[in-house]
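Okay, so here's the structure we're looking at.
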Amino acid sequence: MSLKRIGIVGSGIMGSGIAEAAAVHGFEVVLRSRAQGTADGMVAGMAKSLGRQVDKGKVTQQDMDGALARVTAVSDLSALAGCDLVIESVVEDLAVKKHLFSELDRICDEQTILATNTSTLPVVDMAMETGRPDKVCGIHFFNPAPVMSLVEVVRPITASDETIAAALGFAETCGKSPVEVKDQAGFIVNALLFPYLNNAVRLLEQNVADRDGIDTAMKGGCGFPMGPFALLDLVGLDTSLAILDALYDEYRDPNYAAVPLLRRMVSAELYGRKSGQGFYDYRK
């Protein structure tokens with residue numbers, strides 16, 4: 001299956017990052033947000049991101065201009081009708097995603113592959129909202145999408161071999177290293193990562209060490225590029241809590257039961273970098 005035109009739904013950092021990764025590697029991209037101003041802002045943010053790469057010598061000005069020329073910003077969902085592949089990257093809420101998949105199924109050509117960038121929700125539940133469950137899969141990019149090499153290609157039990165092969169090929173063309181995974185909560189990375197992050201919060205709550213001590217220990221002792229609290233702030237505490245809740249709902253493993261401190265910080269809207277304050281203060 002030849003994929004040329006890629007639709008991206010979602011106005012967050014992941015949506016714009018996936019759009020950038022696809023456009024740089026030659027795909028035509030239709031970038032959709034609910035408001036035209038937001039969609040245009042995403043393209044402007046992409047231009048800034050590519051401009052920084054030009055300054056560092058990672059891409060040429062010609063490459064940047066070509067990538068931006070291949071991106072169309074829209075607010076109308078029906079503009080995705082002619083896409084070969086549509087990837088949603090909206091809020092991690094299953095009801096919202098299921099409704100979106102139903103709408104995309106109605107709008108898009110019957111041969112269009114519909115994919116989700118979910119990090120933990122069941123892909124099969126979205127697939128069954130469509131009349132094309134064989135053409136639905138997960139294509140999970142990691143943040144920041146233009147930089148991170150891994151993509152988890154998630155195979156629900158309904159997906160065809162052709163759909164998974166096309167998704168793997170898309171990720172490879174974007175310069176990524178895709179890994180095929182079964183459709184179960186957390187896939188590979190988050191199923192292993194979030195018990196670690198959750199237990200770091202538990203250590204903090206139990207006063208085993210302070211924030212800086214735990215982050216320093218995991219960087220120095222395990223060679224991680226950042227400590228668990230810096231990473232939680234980057235991911236977003238609200239997103240992290242949603243992932244832990246989804247993991248716990250599926251497995252009922254105590255390691256996935258969110259530590260009360262994390263839940264209280266989310267209640268206080270201390271989401272991390274995106275809110276300006278989480279375990280660290282970014283307002284300075």
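Please note that chains go A, B, ... in the order of the structure tokens, that every chain numbers its residues from 1, and that ligands are numbered from 1 in the order shown.
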Counting only C-alpha atoms, what is within 10 Å of stretch 63-69 of chain A, bar same-chain residues fewer than 6 positions away, as a PyMOL selection string?
-> chain A and resi 19-29+43-44+46-47+49-51+53-54
Residue neighbourhood A:Thr130, 12 Å, only C-alpha atoms, exclusion window fewer than 4 positions, as a PyMOL selection string = chain A and resi 97-108+110+112-115+123-126+134-137+158
Pick out each residue of stretch 90-256 of chain A that DSSP on the backbone tags as strand (DSSP E); I need them as a compact mmCIF listing (two decimals) with N, CA and C atoms, in the first residue's frame.
```txt
# COMPACT_ATOMS: atom_id res chain seq x y z
N ILE A 113 -6.22 4.16 5.92
CA ILE A 113 -5.85 3.57 7.21
C ILE A 113 -6.07 4.61 8.30
N LEU A 114 -6.71 4.21 9.38
CA LEU A 114 -6.94 5.08 10.52
C LEU A 114 -6.06 4.60 11.67
N ALA A 115 -5.30 5.50 12.26
CA ALA A 115 -4.37 5.10 13.32
C ALA A 115 -4.50 6.03 14.51
N THR A 116 -4.13 5.50 15.66
CA THR A 116 -4.12 6.28 16.89
C THR A 116 -2.71 6.38 17.44
N VAL A 136 -7.37 -0.39 10.94
CA VAL A 136 -7.11 0.46 12.11
C VAL A 136 -5.95 -0.14 12.91
N CYS A 137 -5.01 0.71 13.33
CA CYS A 137 -3.88 0.25 14.13
C CYS A 137 -3.39 1.40 15.01
N GLY A 138 -2.41 1.11 15.82
CA GLY A 138 -1.74 2.14 16.60
C GLY A 138 -0.41 2.50 15.97
N ILE A 139 -0.10 3.80 15.91
CA ILE A 139 1.22 4.26 15.48
C ILE A 139 1.66 5.25 16.56
N HIS A 140 2.39 4.73 17.55
CA HIS A 140 2.70 5.50 18.75
C HIS A 140 4.09 6.11 18.65
N PHE A 141 4.13 7.41 18.35
CA PHE A 141 5.37 8.17 18.37
C PHE A 141 5.68 8.60 19.80
N LEU A 150 12.09 5.79 18.20
CA LEU A 150 11.18 4.66 18.36
C LEU A 150 9.75 5.02 17.97
N VAL A 151 9.10 4.10 17.26
CA VAL A 151 7.65 4.15 17.04
C VAL A 151 7.11 2.75 17.35
N GLU A 152 6.12 2.66 18.23
CA GLU A 152 5.45 1.40 18.50
C GLU A 152 4.26 1.27 17.53
N VAL A 153 4.31 0.27 16.66
CA VAL A 153 3.20 -0.01 15.76
C VAL A 153 2.35 -1.11 16.43
N VAL A 154 1.13 -0.72 16.79
CA VAL A 154 0.30 -1.58 17.64
C VAL A 154 -0.70 -2.34 16.78
N ARG A 155 -0.68 -3.67 16.92
CA ARG A 155 -1.56 -4.53 16.14
C ARG A 155 -2.73 -5.01 16.99
N SER A 177 12.63 3.84 13.91
CA SER A 177 12.88 2.42 14.10
C SER A 177 11.62 1.81 14.73
N PRO A 178 10.69 1.33 13.90
CA PRO A 178 9.43 0.83 14.44
C PRO A 178 9.56 -0.56 15.04
N VAL A 179 8.74 -0.80 16.07
CA VAL A 179 8.65 -2.11 16.71
C VAL A 179 7.17 -2.51 16.73
N GLU A 180 6.86 -3.68 16.23
CA GLU A 180 5.48 -4.14 16.25
C GLU A 180 5.15 -4.71 17.63
N VAL A 181 4.01 -4.31 18.19
CA VAL A 181 3.62 -4.77 19.52
C VAL A 181 2.16 -5.18 19.52
N LYS A 182 1.81 -6.04 20.47
CA LYS A 182 0.44 -6.47 20.66
C LYS A 182 -0.37 -5.36 21.33
```
When you look at A:Leu244 with a cut-off of 7 Å (counting only C-alpha atoms), what residues show up, excluding the ones that are within fewer than 4 positions of it in the same chain? I need them as a tab-separated table (two decimals) with all heavy atoms, in the first residue's frame.
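Below you can see result11.tsv, which holds the result:
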```tsv
chain	number	residue	atom	x	y	z
A	194	PHE	N	6.24	3.23	33.49
A	194	PHE	CA	5.41	3.92	34.47
A	194	PHE	C	5.40	3.32	35.87
A	194	PHE	O	5.23	4.06	36.85
A	194	PHE	CB	4.00	4.16	33.91
A	194	PHE	CG	3.98	5.40	33.07
A	194	PHE	CD1	4.31	5.36	31.73
A	194	PHE	CD2	3.71	6.63	33.63
A	194	PHE	CE1	4.35	6.51	30.96
A	194	PHE	CE2	3.74	7.79	32.88
A	194	PHE	CZ	4.06	7.73	31.55
A	240	SER	N	0.45	11.29	32.70
A	240	SER	CA	1.04	10.16	33.45
A	240	SER	C	-0.01	9.47	34.31
A	240	SER	O	-0.06	8.24	34.38
A	240	SER	CB	2.20	10.66	34.32
A	240	SER	OG	3.21	11.23	33.51
A	248	TYR	N	-3.63	0.20	35.40
A	248	TYR	CA	-4.20	-0.47	36.57
A	248	TYR	C	-5.55	-1.10	36.22
A	248	TYR	O	-5.85	-2.22	36.67
A	248	TYR	CB	-4.37	0.52	37.72
A	248	TYR	CG	-4.86	-0.16	38.99
A	248	TYR	CD1	-3.97	-0.92	39.76
A	248	TYR	CD2	-6.18	-0.07	39.39
A	248	TYR	CE1	-4.39	-1.57	40.90
A	248	TYR	CE2	-6.61	-0.72	40.54
A	248	TYR	CZ	-5.71	-1.46	41.29
A	248	TYR	OH	-6.14	-2.12	42.42
A	256	TYR	N	0.91	-0.32	39.35
A	256	TYR	CA	0.24	0.64	38.48
A	256	TYR	C	-0.76	1.51	39.22
A	256	TYR	O	-1.38	2.39	38.62
A	256	TYR	CB	-0.48	-0.09	37.34
A	256	TYR	CG	0.43	-0.85	36.40
A	256	TYR	CD1	0.15	-2.17	36.04
A	256	TYR	CD2	1.55	-0.26	35.83
A	256	TYR	CE1	0.96	-2.88	35.17
A	256	TYR	CE2	2.37	-0.95	34.96
A	256	TYR	CZ	2.07	-2.26	34.63
A	256	TYR	OH	2.88	-2.95	33.76
A	257	ALA	N	-0.95	1.29	40.50
A	257	ALA	CA	-1.89	2.10	41.28
A	257	ALA	C	-1.23	3.44	41.61
A	257	ALA	O	-0.23	3.49	42.34
A	257	ALA	CB	-2.29	1.37	42.56
A	258	ALA	N	-1.76	4.51	41.05
A	258	ALA	CA	-1.10	5.82	41.17
A	258	ALA	C	-0.93	6.23	42.63
A	258	ALA	O	-1.86	6.11	43.44
A	258	ALA	CB	-1.91	6.88	40.43
```
At what distance in Å, to one decimal, does atom CA of A:Val259 lie from atom CA of A:Pro144?
->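 Taking atom CA of A:Pro144 and atom CA of A:Val259, their separation equals 26.3 Å.
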Which residue, A:Gly223, A:Leu241, A:Ile18, A:Gln111, has the smallest gap to A:Lys176 when you use only C-alpha atoms?
->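 Going through A:Gly223, A:Leu241, A:Ile18, A:Gln111 one by one, the smallest distance to A:Lys176 is for A:Ile18.
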Stretch 37-101 of chain A residues near stretch 169-173 of chain A within 12 Å, closest pair each, using only C-alpha atoms, as JSON lines:
```
{"residue": "A:Asp84", "atom": "CA", "partner": "A:Phe170", "partner_atom": "CA", "distance": 10.9}
{"residue": "A:Leu85", "atom": "CA", "partner": "A:Phe170", "partner_atom": "CA", "distance": 9.2}
{"residue": "A:Val86", "atom": "CA", "partner": "A:Phe170", "partner_atom": "CA", "distance": 11.6}
{"residue": "A:Ile87", "atom": "CA", "partner": "A:Phe170", "partner_atom": "CA", "distance": 11.4}
```
From the list A:Ser119, A:Lys58, A:Gly10, A:Val201, which residue is nearest A:Thr38 when using only C-alpha atoms?
->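 Looking only at the distances to A:Thr38, the closest residue turns out to be A:Gly10.
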Using only C-alpha atoms, pick whichever of A:Leu80, A:Ile243, A:Val208, A:Leu232 has the shortest atom-to-atom distance to A:Thr118.
->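 Among the listed residues, the smallest separation from A:Thr118 belongs to A:Ile243.
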Which one is closest to A:Thr239: A:Ala217, A:Leu270, A:Leu168, A:Val147? Count only C-alpha atoms.
->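 Once distances to A:Thr239 are computed over only C-alpha atoms, the minimum belongs to A:Leu270.
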Which is closest to A:Pro228 among A:Asp249, A:Asn255, A:Phe279, A:Leu192, if we use only C-alpha atoms?
-> A:Phe279
For stretch 12-16 of chain A, list every protein, DNA or RNA residue within 7 Å, evaluated using only C-alpha atoms, and leave out those in the same chain fewer than 5 positions away; present the list as a PDB file with C-alpha atoms, in the first residue's frame.
```pdb
ATOM      1  CA  MET A  42       1.005  24.616  14.784  1.00  0.00           C
ATOM      2  CA  MET A  46       6.867  23.706  13.091  1.00  0.00           C
ATOM      3  CA  SER A  89      -3.289  12.525  18.530  1.00  0.00           C
ATOM      4  CA  ASN A 143       7.951  12.968  22.440  1.00  0.00           C
ATOM      5  CA  ALA A 145       8.418  13.061  17.673  1.00  0.00           C
TER       6      ALA A 145
END
```
What lies within 8 Å of A:Arg202 using only C-alpha atoms, ignoring chain neighbours under 4 positions off, as a PyMOL selection string?
-> chain A and resi 198+206+259+261
Store the residues of this selection in a file with N, CA and C atoms, as a PDB file, in the first residue's frame.
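This went into selection01.pdb:
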```pdb
ATOM      1  N   ASN A 198       6.105   5.820  38.893  1.00  0.00           N
ATOM      2  CA  ASN A 198       5.172   5.794  40.023  1.00  0.00           C
ATOM      3  C   ASN A 198       5.900   5.501  41.330  1.00  0.00           C
ATOM      4  N   GLN A 206       7.322   9.029  50.711  1.00  0.00           N
ATOM      5  CA  GLN A 206       7.783   8.373  51.941  1.00  0.00           C
ATOM      6  C   GLN A 206       9.018   9.040  52.539  1.00  0.00           C
ATOM      7  N   VAL A 259       0.258   6.693  42.961  1.00  0.00           N
ATOM      8  CA  VAL A 259       0.562   7.166  44.310  1.00  0.00           C
ATOM      9  C   VAL A 259      -0.302   8.401  44.610  1.00  0.00           C
ATOM     10  N   LEU A 261       0.159  11.188  46.076  1.00  0.00           N
ATOM     11  CA  LEU A 261       0.777  12.482  45.817  1.00  0.00           C
ATOM     12  C   LEU A 261       0.610  12.892  44.361  1.00  0.00           C
TER      13      LEU A 261
END
```
Across A:Gly82, A:Pro260, A:Gly272, A:Pro225, the smallest distance to A:Asp238, with only C-alpha atoms counted, is shown by A:Gly272
Quick one: pick out all helix (DSSP H, G or I) residues within stretch 23-220 of chain A from a backbone DSSP run and write them as a VMD selection string.
-> chain A and resid 23 to 24 36 to 55 61 to 69 77 to 80 94 to 107 123 to 127 133 to 135 161 to 173 189 to 205 211 to 220
Export of prior selection with C-alpha atoms as a tab-separated table (two decimals), in the first residue's frame:
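For reference, result.tsv as written:
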```tsv
chain	number	residue	atom	x	y	z
A	23	ALA	CA	6.63	16.42	6.11
A	24	VAL	CA	10.43	16.42	6.39
A	36	GLN	CA	-8.02	27.46	12.12
A	37	GLY	CA	-5.93	29.80	14.25
A	38	THR	CA	-4.62	26.88	16.28
A	39	ALA	CA	-3.85	24.90	13.14
A	40	ASP	CA	-1.95	27.85	11.68
A	41	GLY	CA	-0.12	28.24	14.99
A	42	MET	CA	1.01	24.62	14.78
A	43	VAL	CA	2.55	25.27	11.38
A	44	ALA	CA	4.26	28.36	12.75
A	45	GLY	CA	5.65	26.27	15.60
A	46	MET	CA	6.87	23.71	13.09
A	47	ALA	CA	8.65	26.48	11.19
A	48	LYS	CA	10.42	27.55	14.39
A	49	SER	CA	11.43	23.96	15.14
A	50	LEU	CA	12.80	23.45	11.63
A	51	GLY	CA	14.52	26.84	11.79
A	52	ARG	CA	16.45	25.71	14.85
A	53	GLN	CA	17.51	22.58	12.96
A	54	VAL	CA	18.69	24.73	10.05
A	55	ASP	CA	20.75	26.84	12.47
A	61	GLN	CA	16.94	25.75	4.26
A	62	GLN	CA	15.71	24.01	1.11
A	63	ASP	CA	14.59	20.98	3.13
A	64	MET	CA	12.77	23.25	5.57
A	65	ASP	CA	11.00	25.18	2.81
A	66	GLY	CA	10.00	21.94	1.10
A	67	ALA	CA	8.62	20.43	4.30
A	68	LEU	CA	6.53	23.50	5.12
A	69	ALA	CA	5.21	23.62	1.54
A	77	LEU	CA	-12.39	17.40	9.58
A	78	SER	CA	-13.73	16.64	6.10
A	79	ALA	CA	-10.47	17.99	4.65
A	80	LEU	CA	-8.94	14.65	5.65
A	94	LEU	CA	-11.27	6.67	25.08
A	95	ALA	CA	-14.76	8.12	24.60
A	96	VAL	CA	-13.33	11.11	22.71
A	97	LYS	CA	-11.16	8.89	20.53
A	98	LYS	CA	-13.99	6.45	19.76
A	99	HIS	CA	-16.23	9.30	18.63
A	100	LEU	CA	-13.43	10.66	16.44
A	101	PHE	CA	-12.84	7.28	14.80
A	102	SER	CA	-16.53	7.01	14.01
A	103	GLU	CA	-16.39	10.43	12.34
A	104	LEU	CA	-13.20	9.60	10.43
A	105	ASP	CA	-14.72	6.34	9.23
A	106	ARG	CA	-17.66	8.29	7.82
A	107	ILE	CA	-15.49	10.95	6.14
A	123	VAL	CA	-6.77	0.18	19.93
A	124	VAL	CA	-9.38	-2.50	19.24
A	125	ASP	CA	-12.04	-0.40	20.97
A	126	MET	CA	-11.41	2.39	18.45
A	127	ALA	CA	-11.27	-0.05	15.55
A	133	PRO	CA	-11.49	-2.59	11.76
A	134	ASP	CA	-8.95	-4.34	9.55
A	135	LYS	CA	-7.56	-0.91	8.58
A	161	ASP	CA	-1.19	-7.79	7.74
A	162	GLU	CA	-1.37	-5.19	4.98
A	163	THR	CA	-2.33	-2.45	7.45
A	164	ILE	CA	0.53	-3.27	9.80
A	165	ALA	CA	3.01	-3.49	6.92
A	166	ALA	CA	1.90	-0.05	5.70
A	167	ALA	CA	2.23	1.43	9.21
A	168	LEU	CA	5.71	-0.05	9.64
A	169	GLY	CA	6.71	1.28	6.22
A	170	PHE	CA	5.42	4.74	7.06
A	171	ALA	CA	7.44	4.86	10.28
A	172	GLU	CA	10.58	3.65	8.50
A	173	THR	CA	10.18	6.28	5.77
A	189	VAL	CA	7.68	1.24	26.86
A	190	ASN	CA	4.94	2.57	29.12
A	191	ALA	CA	4.25	-0.85	30.65
A	192	LEU	CA	7.86	-0.85	31.85
A	193	LEU	CA	8.39	2.88	32.39
A	194	PHE	CA	5.41	3.92	34.47
A	195	PRO	CA	5.84	1.55	37.41
A	196	TYR	CA	9.32	3.09	37.73
A	197	LEU	CA	7.97	6.65	37.62
A	198	ASN	CA	5.17	5.79	40.02
A	199	ASN	CA	7.58	4.24	42.50
A	200	ALA	CA	9.81	7.31	42.30
A	201	VAL	CA	6.84	9.39	43.48
A	202	ARG	CA	6.28	6.82	46.24
A	203	LEU	CA	9.88	7.24	47.45
A	204	LEU	CA	9.39	11.00	47.52
A	205	GLU	CA	6.09	10.67	49.40
A	211	ARG	CA	13.32	15.29	44.52
A	212	ASP	CA	16.82	16.33	43.51
A	213	GLY	CA	18.39	13.36	45.29
A	214	ILE	CA	16.17	10.85	43.46
A	215	ASP	CA	16.70	12.49	40.07
A	216	THR	CA	20.47	12.67	40.62
A	217	ALA	CA	20.61	9.04	41.75
A	218	MET	CA	18.82	7.71	38.68
A	219	LYS	CA	20.93	9.78	36.29
A	220	GLY	CA	24.20	8.89	37.98
```
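What separates atom CA of A:Val91 from atom CA of A:Ser2 is a distance of 28.7 Å.
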